[in-house]
>>> print(open('structure.pdb').read())   # PDB, C-alpha atoms and all ligand atoms
ATOM      1  CA  MET U1413      21.868  22.238  40.337
ATOM      2  CA  PRO U1414      21.694  21.084  36.690
ATOM      3  CA  SER U1415      19.027  18.449  36.054
ATOM      4  CA  GLN U1416      20.115  14.826  35.696
ATOM      5  CA  ALA U1417      17.780  14.365  32.712
ATOM      6  CA  TYR U1418      19.294  14.121  29.231
ATOM      7  CA  LEU U1419      16.970  16.781  27.795
ATOM      8  CA  HIS U1420      15.567  19.087  30.440
ATOM      9  CA  VAL U1421      12.966  21.731  29.630
ATOM     10  CA  GLU U1422      11.771  23.810  32.554
ATOM     11  CA  GLY U1423       9.379  26.737  32.834
ATOM     12  CA  VAL U1424       9.736  27.811  29.202
ATOM     13  CA  SER U1425       7.480  30.690  28.110
ATOM     14  CA  LYS U1426       7.375  32.779  24.960
ATOM     15  CA  GLN U1427       5.041  35.626  24.079
ATOM     16  CA  PHE U1428       4.794  37.283  20.674
ATOM     17  CA  GLY U1429       3.671  40.899  20.390
ATOM     18  CA  ASN U1430       2.556  43.262  23.143
ATOM     19  CA  GLY U1431      -0.608  44.709  24.656
ATOM     20  CA  ASP U1432      -3.855  43.672  22.963
ATOM     21  CA  ASP U1433      -1.957  41.860  20.223
ATOM     22  CA  ALA U1434       0.077  39.718  22.626
ATOM     23  CA  VAL U1435      -0.008  35.958  22.001
ATOM     24  CA  ALA U1436       1.203  33.601  24.729
ATOM     25  CA  ALA U1437       2.658  31.114  22.233
ATOM     26  CA  ILE U1438       3.824  28.819  25.044
ATOM     27  CA  LYS U1439       3.526  29.190  28.774
ATOM     28  CA  ASN U1440       5.460  27.389  31.489
ATOM     29  CA  VAL U1441       6.345  24.313  29.439
ATOM     30  CA  SER U1442       8.352  21.708  31.370
ATOM     31  CA  PHE U1443       9.324  18.126  30.619
ATOM     32  CA  ASP U1444      12.293  15.776  30.804
ATOM     33  CA  LEU U1445      13.356  13.208  28.229
ATOM     34  CA  GLU U1446      15.912  10.439  28.611
ATOM     35  CA  GLU U1447      18.453   9.572  25.933
ATOM     36  CA  GLY U1448      17.225   7.321  23.118
ATOM     37  CA  ARG U1449      13.538   8.040  23.779
ATOM     38  CA  PHE U1450      11.040   9.069  21.110
ATOM     39  CA  LEU U1451       8.593  11.752  22.221
ATOM     40  CA  SER U1452       5.694  12.922  20.065
ATOM     41  CA  ILE U1453       3.903  16.222  20.560
ATOM     42  CA  LEU U1454       0.240  16.503  19.622
ATOM     43  CA  GLY U1455      -1.854  19.639  19.850
ATOM     44  CA  PRO U1456      -4.151  21.933  17.890
ATOM     45  CA  SER U1457      -2.654  24.304  15.323
ATOM     46  CA  GLY U1458      -1.245  27.375  17.017
ATOM     47  CA  CYS U1459      -0.535  25.698  20.388
ATOM     48  CA  GLY U1460       3.150  26.540  20.093
ATOM     49  CA  LYS U1461       4.726  23.304  18.858
ATOM     50  CA  SER U1462       6.975  25.012  16.313
ATOM     51  CA  THR U1463       7.760  27.788  18.794
ATOM     52  CA  LEU U1464       8.909  25.156  21.288
ATOM     53  CA  PHE U1465      11.033  23.459  18.609
ATOM     54  CA  ASN U1466      12.627  26.748  17.557
ATOM     55  CA  ILE U1467      13.554  27.402  21.187
ATOM     56  CA  ILE U1468      15.018  23.904  21.678
ATOM     57  CA  ALA U1469      16.882  24.261  18.351
ATOM     58  CA  GLY U1470      18.523  27.395  19.750
ATOM     59  CA  LEU U1471      16.967  29.647  17.090
ATOM     60  CA  LEU U1472      14.488  31.579  19.260
ATOM     61  CA  LYS U1473      15.030  33.060  22.706
ATOM     62  CA  PRO U1474      12.353  32.237  25.290
ATOM     63  CA  ASP U1475      11.141  34.977  27.642
ATOM     64  CA  GLU U1476      11.665  32.625  30.569
ATOM     65  CA  GLY U1477      12.880  29.145  31.271
ATOM     66  CA  THR U1478      15.728  26.695  30.910
ATOM     67  CA  VAL U1479      16.560  24.142  28.203
ATOM     68  CA  THR U1480      19.571  21.898  28.699
ATOM     69  CA  LEU U1481      21.067  18.874  26.948
ATOM     70  CA  ARG U1482      23.254  16.862  29.339
ATOM     71  CA  GLY U1483      23.306  19.947  31.540
ATOM     72  CA  GLN U1484      24.499  22.310  28.772
ATOM     73  CA  SER U1485      22.235  25.241  27.923
ATOM     74  CA  MET U1486      20.602  25.104  24.484
ATOM     75  CA  ILE U1487      19.225  28.644  24.659
ATOM     76  CA  MET U1488      20.335  30.523  21.501
ATOM     77  CA  ASN U1489      22.857  27.742  20.981
ATOM     78  CA  PRO U1490      22.067  26.353  17.520
ATOM     79  CA  GLY U1491      23.925  23.328  16.254
ATOM     80  CA  MET U1492      23.025  20.951  19.076
ATOM     81  CA  THR U1493      20.125  19.355  17.164
ATOM     82  CA  GLY U1494      19.197  18.041  13.726
ATOM     83  CA  TYR U1495      16.009  19.823  12.635
ATOM     84  CA  MET U1496      13.646  18.595   9.906
ATOM     85  CA  LEU U1497      10.463  20.284   8.706
ATOM     86  CA  GLN U1498       7.403  19.202   6.734
ATOM     87  CA  LYS U1499       8.705  21.074   3.716
ATOM     88  CA  ASP U1500      11.862  19.216   2.716
ATOM     89  CA  LEU U1501      13.930  22.395   2.074
ATOM     90  CA  LEU U1502      16.315  20.553  -0.239
ATOM     91  CA  LEU U1503      18.382  22.929  -2.367
ATOM     92  CA  PRO U1504      16.874  22.531  -5.860
ATOM     93  CA  TRP U1505      20.086  23.216  -7.775
ATOM     94  CA  ARG U1506      22.143  20.609  -5.911
ATOM     95  CA  SER U1507      22.102  16.869  -6.516
ATOM     96  CA  ILE U1508      20.683  14.581  -3.807
ATOM     97  CA  ALA U1509      24.278  13.576  -2.979
ATOM     98  CA  ASP U1510      25.253  17.218  -2.463
ATOM     99  CA  ASN U1511      22.100  17.894  -0.455
ATOM    100  CA  ILE U1512      22.509  15.014   1.989
ATOM    101  CA  THR U1513      26.171  15.818   2.582
ATOM    102  CA  LEU U1514      25.593  19.539   3.102
ATOM    103  CA  SER U1515      26.245  19.665   6.858
ATOM    104  CA  GLN U1516      29.526  17.779   6.412
ATOM    105  CA  THR U1517      30.801  19.832   3.464
ATOM    106  CA  LEU U1518      29.939  23.020   5.375
ATOM    107  CA  ARG U1519      32.175  21.716   8.164
ATOM    108  CA  GLY U1520      34.999  21.304   5.634
ATOM    109  CA  VAL U1521      34.749  17.550   4.971
ATOM    110  CA  SER U1522      35.591  16.811   1.289
ATOM    111  CA  ARG U1523      32.635  15.926  -0.973
ATOM    112  CA  ARG U1524      34.090  12.493  -1.607
ATOM    113  CA  LYS U1525      34.585  11.644   2.061
ATOM    114  CA  ALA U1526      31.210  13.150   2.982
ATOM    115  CA  LEU U1527      29.446  10.965   0.420
ATOM    116  CA  GLN U1528      31.304   7.916   1.681
ATOM    117  CA  ASN U1529      30.010   8.705   5.189
ATOM    118  CA  ALA U1530      26.462   9.286   3.961
ATOM    119  CA  ARG U1531      26.137   6.171   1.791
ATOM    120  CA  PRO U1532      24.955   3.736   4.508
ATOM    121  CA  ASP U1533      22.094   6.060   5.544
ATOM    122  CA  ALA U1534      21.242   6.755   1.903
ATOM    123  CA  ALA U1535      21.167   3.012   1.217
ATOM    124  CA  ALA U1536      19.030   2.326   4.301
ATOM    125  CA  CYS U1537      16.590   4.921   2.977
ATOM    126  CA  GLY U1538      16.565   3.409  -0.524
ATOM    127  CA  LEU U1539      18.202   6.414  -2.175
ATOM    128  CA  GLU U1540      21.365   4.901  -3.618
ATOM    129  CA  SER U1541      20.204   5.117  -7.216
ATOM    130  CA  MET U1542      18.947   8.697  -6.707
ATOM    131  CA  LEU U1543      22.189  10.335  -5.614
ATOM    132  CA  ARG U1544      22.920  12.068  -8.933
ATOM    133  CA  ARG U1545      19.393  13.342  -9.393
ATOM    134  CA  ARG U1546      18.044  16.740  -8.420
ATOM    135  CA  PRO U1547      15.189  17.119  -5.913
ATOM    136  CA  ASP U1548      12.559  17.930  -8.569
ATOM    137  CA  GLU U1549      13.239  14.554 -10.185
ATOM    138  CA  LEU U1550      12.156  12.710  -7.007
ATOM    139  CA  SER U1551       8.723  11.846  -5.603
ATOM    140  CA  GLY U1552       7.488  13.501  -2.392
ATOM    141  CA  GLY U1553       8.364  10.382  -0.374
ATOM    142  CA  GLN U1554      11.859  10.199  -1.870
ATOM    143  CA  ARG U1555      12.465  13.873  -1.121
ATOM    144  CA  GLN U1556      11.406  13.384   2.511
ATOM    145  CA  ARG U1557      13.759  10.405   2.739
ATOM    146  CA  ALA U1558      16.558  12.617   1.389
ATOM    147  CA  ALA U1559      15.673  15.277   3.967
ATOM    148  CA  LEU U1560      15.760  12.586   6.667
ATOM    149  CA  VAL U1561      19.203  11.396   5.541
ATOM    150  CA  ARG U1562      20.426  14.994   5.518
ATOM    151  CA  THR U1563      19.095  15.429   9.076
ATOM    152  CA  LEU U1564      20.804  12.204  10.201
ATOM    153  CA  GLN U1565      24.048  13.310   8.555
ATOM    154  CA  THR U1566      24.241  16.288  10.880
ATOM    155  CA  GLY U1567      25.418  13.620  13.337
ATOM    156  CA  LYS U1568      23.410  15.243  16.130
ATOM    157  CA  PRO U1569      22.079  12.884  18.796
ATOM    158  CA  LEU U1570      18.855  14.881  19.298
ATOM    159  CA  LEU U1571      16.501  15.209  16.322
ATOM    160  CA  LEU U1572      13.588  17.648  16.051
ATOM    161  CA  LEU U1573      11.121  16.502  13.403
ATOM    162  CA  ASP U1574       8.247  18.950  12.811
ATOM    163  CA  GLU U1575       5.457  17.107  10.945
ATOM    164  CA  PRO U1576       7.971  15.484   8.593
ATOM    165  CA  PHE U1577       5.444  13.105   7.024
ATOM    166  CA  GLY U1578       2.413  15.412   7.081
ATOM    167  CA  ALA U1579       2.222  15.874   3.317
ATOM    168  CA  LEU U1580       2.694  12.216   2.289
ATOM    169  CA  ASP U1581       0.146   9.609   1.226
ATOM    170  CA  ALA U1582      -0.749   6.859   3.713
ATOM    171  CA  ILE U1583       1.384   4.052   2.237
ATOM    172  CA  THR U1584       4.520   6.172   1.782
ATOM    173  CA  ARG U1585       3.993   7.448   5.286
ATOM    174  CA  LEU U1586       3.784   3.966   6.795
ATOM    175  CA  HIS U1587       6.986   3.013   5.017
ATOM    176  CA  LEU U1588       8.823   6.076   6.328
ATOM    177  CA  GLN U1589       7.458   5.545   9.842
ATOM    178  CA  GLU U1590       8.959   2.035   9.901
ATOM    179  CA  LEU U1591      12.215   3.350   8.489
ATOM    180  CA  LEU U1592      12.405   6.107  11.096
ATOM    181  CA  THR U1593      11.747   3.689  13.967
ATOM    182  CA  ASP U1594      14.472   1.309  12.728
ATOM    183  CA  ILE U1595      17.055   4.033  12.193
ATOM    184  CA  CYS U1596      16.407   5.802  15.495
ATOM    185  CA  MET U1597      16.523   2.568  17.491
ATOM    186  CA  GLN U1598      19.704   1.429  15.740
ATOM    187  CA  LYS U1599      21.470   4.766  16.192
ATOM    188  CA  ASN U1600      20.047   5.432  19.658
ATOM    189  CA  LYS U1601      18.716   8.820  18.537
ATOM    190  CA  THR U1602      16.596  10.892  20.865
ATOM    191  CA  VAL U1603      13.658  12.337  18.946
ATOM    192  CA  LEU U1604      11.054  15.054  19.404
ATOM    193  CA  PHE U1605       8.353  14.599  16.788
ATOM    194  CA  VAL U1606       5.398  16.852  15.980
ATOM    195  CA  THR U1607       2.393  15.243  14.345
ATOM    196  CA  HIS U1608      -1.344  15.797  13.964
ATOM    197  CA  ASP U1609      -1.947  12.091  13.615
ATOM    198  CA  VAL U1610      -2.730  10.203  16.854
ATOM    199  CA  ASP U1611      -2.048   6.790  15.256
ATOM    200  CA  GLU U1612       1.330   8.003  14.013
ATOM    201  CA  ALA U1613       2.228   9.161  17.531
ATOM    202  CA  LEU U1614       1.112   5.824  19.028
ATOM    203  CA  LEU U1615       3.064   3.845  16.431
ATOM    204  CA  LEU U1616       6.356   5.709  16.831
ATOM    205  CA  SER U1617       6.594   6.972  20.381
ATOM    206  CA  ASP U1618       7.795   5.998  23.814
ATOM    207  CA  GLU U1619       6.081   9.096  25.206
ATOM    208  CA  ILE U1620       3.445  11.571  24.017
ATOM    209  CA  LEU U1621       2.879  15.176  25.114
ATOM    210  CA  ILE U1622      -0.540  16.693  24.542
ATOM    211  CA  MET U1623      -0.548  20.473  24.254
ATOM    212  CA  GLY U1624      -3.428  22.893  24.695
ATOM    213  CA  VAL U1625      -3.834  26.248  23.051
ATOM    214  CA  GLN U1626      -4.000  29.870  24.256
ATOM    215  CA  PRO U1627      -1.745  29.743  26.075
ATOM    216  CA  GLY U1628       0.234  26.894  24.516
ATOM    217  CA  ARG U1629       0.965  24.513  27.373
ATOM    218  CA  ILE U1630       1.321  20.835  28.204
ATOM    219  CA  ILE U1631      -1.919  19.267  29.381
ATOM    220  CA  ARG U1632      -0.867  15.595  29.511
ATOM    221  CA  HIS U1633       2.333  13.546  29.360
ATOM    222  CA  TYR U1634       1.922   9.842  28.492
ATOM    223  CA  HIS U1635       4.494   7.077  28.886
ATOM    224  CA  LEU U1636       3.270   4.378  26.519
ATOM    225  CA  PRO U1637       3.094   0.807  27.850
ATOM    226  CA  GLN U1638       4.076  -1.398  24.924
ATOM    227  CA  PRO U1639       7.719  -1.750  23.872
ATOM    228  CA  LYS U1640       8.834  -0.677  20.403
ATOM    229  CA  PRO U1641       9.030  -1.369  17.536
ATOM    230  CA  ARG U1642       5.242  -1.322  17.232
ATOM    231  CA  THR U1643       3.276  -2.477  14.246
ATOM    232  CA  VAL U1644      -0.076  -1.251  13.042
ATOM    233  CA  GLU U1645      -1.540  -4.487  14.495
ATOM    234  CA  SER U1646       0.008  -3.846  17.910
ATOM    235  CA  LEU U1647      -1.946  -0.598  18.166
ATOM    236  CA  ALA U1648      -4.988  -2.806  18.759
ATOM    237  CA  ILE U1649      -3.996  -3.668  22.359
ATOM    238  CA  PRO U1650      -6.542  -2.383  24.902
ATOM    239  CA  GLU U1651      -4.109  -0.039  26.739
ATOM    240  CA  LEU U1652      -3.222   1.811  23.520
ATOM    241  CA  ILE U1653      -6.842   1.946  22.374
ATOM    242  CA  ALA U1654      -7.782   3.483  25.734
ATOM    243  CA  ILE U1655      -4.975   6.072  25.441
ATOM    244  CA  LYS U1656      -6.048   6.906  21.890
ATOM    245  CA  GLY U1657      -9.609   7.529  23.085
ATOM    246  CA  GLU U1658      -8.353   9.807  25.861
ATOM    247  CA  ILE U1659      -6.099  11.764  23.501
ATOM    248  CA  LEU U1660      -8.870  12.310  20.947
ATOM    249  CA  HIS U1661     -11.122  13.499  23.760
ATOM    250  CA  LEU U1662      -8.503  15.935  25.091
ATOM    251  CA  LEU U1663      -7.825  17.362  21.621
ATOM    252  CA  ASP U1664     -11.538  17.659  20.900
ATOM    253  CA  GLU U1665     -12.078  19.571  24.155
ATOM    254  CA  GLU U1666      -9.260  21.979  23.291
ATOM    255  CA  VAL U1667     -10.671  22.680  19.849
ATOM    256  CA  LYS U1668     -14.184  23.150  21.311
ATOM    257  CA  ARG U1669     -12.881  25.546  23.949
ATOM    258  CA  HIS U1670     -11.062  27.720  21.436
ATOM    259  CA  GLY U1671     -12.857  27.095  18.165
ATOM    260  CA  GLU U1672     -11.247  25.810  14.999
ATOM    261  CA  PRO U1673      -7.949  27.540  14.319
ATOM    262  CA  ALA U1674      -8.039  30.163  11.598
TER     263      ALA U1674
HETATM  264  P1  LIG U1701       2.025  25.387  16.036
HETATM  265  O1  LIG U1701       3.350  25.002  15.464
HETATM  266  O2  LIG U1701       1.606  24.550  17.213
HETATM  267  O3  LIG U1701       0.949  25.441  15.017
HETATM  268  P2  LIG U1701       3.293  27.969  16.449
HETATM  269  O4  LIG U1701       4.394  27.718  17.383
HETATM  270  O5  LIG U1701       3.631  28.123  15.010
HETATM  271  O6  LIG U1701       2.150  26.859  16.633
HETATM  272  O7  LIG U1701       2.521  29.293  16.902
HETATM  273  C1  LIG U1701       2.033  29.498  18.224
HETATM  274  C2  LIG U1701       1.346  30.838  18.316
HETATM  275  O8  LIG U1701       2.309  31.877  18.205
HETATM  276  C3  LIG U1701       0.340  31.089  17.195
HETATM  277  O9  LIG U1701      -0.724  31.867  17.721
HETATM  278  C4  LIG U1701       1.142  31.882  16.181
HETATM  279  O10 LIG U1701       0.303  32.726  15.412
HETATM  280  C5  LIG U1701       2.061  32.702  17.091
HETATM  281  N1  LIG U1701       3.360  32.988  16.446
HETATM  282  C6  LIG U1701       4.288  32.078  16.066
HETATM  283  N2  LIG U1701       5.380  32.663  15.568
HETATM  284  C7  LIG U1701       5.137  34.014  15.609
HETATM  285  C8  LIG U1701       5.880  35.171  15.252
HETATM  286  N3  LIG U1701       7.103  35.072  14.743
HETATM  287  N4  LIG U1701       5.301  36.381  15.460
HETATM  288  C9  LIG U1701       4.076  36.491  15.989
HETATM  289  N5  LIG U1701       3.322  35.434  16.362
HETATM  290  C10 LIG U1701       3.842  34.211  16.190
HETATM  291 MG    MG U1702       3.935  24.283  13.556
END
>>> encode(input="structure.pdb", output="structure tokens", more="lines below")
Ligand code: ADP
Ligand code: MG
Amino acid sequence: MPSQAYLHVEGVSKQFGNGDDAVAAIKNVSFDLEEGRFLSILGPSGCGKSTLFNIIAGLLKPDEGTVTLRGQSMIMNPGMTGYMLQKDLLLPWRSIADNITLSQTLRGVSRRKALQNARPDAAACGLESMLRRRPDELSGGQRQRAALVRTLQTGKPLLLLDEPFGALDAITRLHLQELLTDICMQKNKTVLFVTHDVDEALLLSDEILIMGVQPGRIIRHYHLPQPKPRTVESLAIPELIAIKGEILHLLDEEVKRHGEPA
């Protein structure tokens, strides 16, 4: 029986290497996510967050387990998600306009039509005056906004964002966090979001998964109480402060159990 959940992840395991060198990157990972929800994943380095994303993106085959979107298998089925990484991966020789329209032009949409389609997202992200520039002419925050627009322009309803704001300064980050919340709520995107920042997870998410390391596995799944959009001030409510304390404690225990990652 296929699961009723929008995104259904069940019993997913992946090991790298064999014998003494074997690493259980993730073991028996299961969770469900409903459409339009924003789920953050927090865990120590090496707990398998990127491995899990690569599996959900259809780029890496798990040893065991099921991943479905509306009942359709995502295993080795790339193209069902929009995937964005910390490094913006913009093509340096193409203009911002040609970068953000890449997924459309690859599908055969004309450059002109593709840019017409992309303009509202580019405008929402404050990039209208940057469209003719090349990536090295933009600031780090502007490049991440361009990468976000490119990810949105894939038109995929499920977005995988792997530490997209990790390299940005605090103010730029806050701005992009607000932008992401607005866009995802407006477009009813479903988002999986990796971060190392507990406050960022509390600000953006409907749900938070905490992962442990060796083997990479889920140790807690939170459904956050306060409705979104949240502001920095709204993080001061007692329920969220209590959850933050618990999360920091869980992460601290994991790091103590396994030592600082190399
Ligand atoms: P995270 O993104 O949480 O930091 P990763 O998913 O990148 O963790 O890695 C999980 C574990 O799997 C780590 O121990 C890492 O060294 C190992 N690993 C990841 N990818 C490979 C690979 N292609 N070959 C061998 N080991 C890998
Ligand atoms: Mg990673």
>>> closest_residue(input="structure.pdb", among="U:Asp1548, U:Asp1618, U:Glu1447, U:Asp1475", to="U:Leu1503", atoms="all atoms listed in the file")
U:Asp1548
>>> closest_atom_pairs(input="structure.pdb", of="chain U", to="ligand LIG 1701 (chain U)", cutoff="9 Å", atoms="all atoms listed in the file", output="Markdown table")
| residue | atom | partner | partner_atom | distance |
| --- | --- | --- | --- | --- |
| U:Lys1426 | CA | U:LIG1701 | O8 | 8.5 |
| U:Gln1427 | CA | U:LIG1701 | O8 | 7.5 |
| U:Phe1428 | CA | U:LIG1701 | C9 | 4.8 |
| U:Gly1429 | CA | U:LIG1701 | C9 | 6.2 |
| U:Ala1434 | CA | U:LIG1701 | N5 | 8.3 |
| U:Val1435 | CA | U:LIG1701 | O9 | 6.0 |
| U:Ala1436 | CA | U:LIG1701 | O8 | 6.8 |
| U:Ala1437 | CA | U:LIG1701 | O8 | 4.1 |
| U:Ile1438 | CA | U:LIG1701 | C1 | 7.1 |
| U:Leu1454 | CA | U:LIG1701 | O2 | 8.5 |
| U:Gly1455 | CA | U:LIG1701 | O2 | 6.6 |
| U:Pro1456 | CA | U:LIG1701 | O2 | 6.4 |
| U:Ser1457 | CA | U:LIG1701 | O3 | 3.8 |
| U:Gly1458 | CA | U:LIG1701 | O6 | 3.5 |
| U:Cys1459 | CA | U:LIG1701 | O2 | 4.0 |
| U:Gly1460 | CA | U:LIG1701 | O4 | 3.2 |
| U:Lys1461 | CA | U:LIG1701 | O2 | 3.7 |
| U:Ser1462 | CA | U:LIG1701 | O1 | 3.7 |
| U:Thr1463 | CA | U:LIG1701 | O4 | 3.7 |
| U:Leu1464 | CA | U:LIG1701 | O4 | 6.5 |
| U:Phe1465 | CA | U:LIG1701 | O4 | 8.0 |
| U:Asn1466 | CA | U:LIG1701 | O4 | 8.3 |
| U:Asp1574 | CA | U:LIG1701 | O1 | 8.2 |
| U:Val1606 | CA | U:LIG1701 | O1 | 8.4 |
| U:Met1623 | CA | U:LIG1701 | O2 | 8.4 |
| U:Val1625 | CA | U:LIG1701 | O2 | 8.2 |
| U:Gln1626 | CA | U:LIG1701 | O9 | 7.6 |
| U:Pro1627 | CA | U:LIG1701 | C2 | 8.4 |
| U:Gly1628 | CA | U:LIG1701 | C1 | 7.0 |
>>> closest_residue(input="structure.pdb", among="U:Arg1642, U:Arg1544, U:Lys1499, U:Lys1473", to="ligand MG 1702 (chain U)", atoms="all atoms listed in the file")
U:Lys1499
>>> residues_around(input="structure.pdb", residues="U:Pro1504", least_positions_apart="6", cutoff="12 Å", atoms="all atoms listed in the file", output="MDAnalysis selection string")
chainID U and resid 1510:1511 1545:1550 1555
>>> axis_aligned_box(input="structure.pdb", around="stretch 1495-1503 of chain U", padding_each_side="4 Å", output="AutoDock Vina command-line options")
--center_x 12.9 --center_y 20.8 --center_z 5.1 --size_x 19.0 --size_y 12.3 --size_z 23.0
>>> atom_distance(input="structure.pdb", atom1="atom CA of U:Leu1472", atom2="atom CA of U:Ile1622")
21.8 Å
>>> residues_near_point(input="structure.pdb", point="(17.3, 0.4, 18.5)", cutoff="12 Å", atoms="only C-alpha atoms", output="ChimeraX atom specification")
/U:1447-1450,1591-1602,1639-1641
>>> atom_distance(input="structure.pdb", atom1="atom CA of U:Leu1570", atom2="atom CA of U:Val1603")
5.8 Å
>>> resolve_selection(input="structure.pdb", expression="the PyMOL selection byres (((chain U and resi 1484) around 10) and not hetatm)", output="NGL selection string")
:U and (1414-1415 or 1418-1420 or 1479-1483 or 1485-1487 or 1489 or 1492)
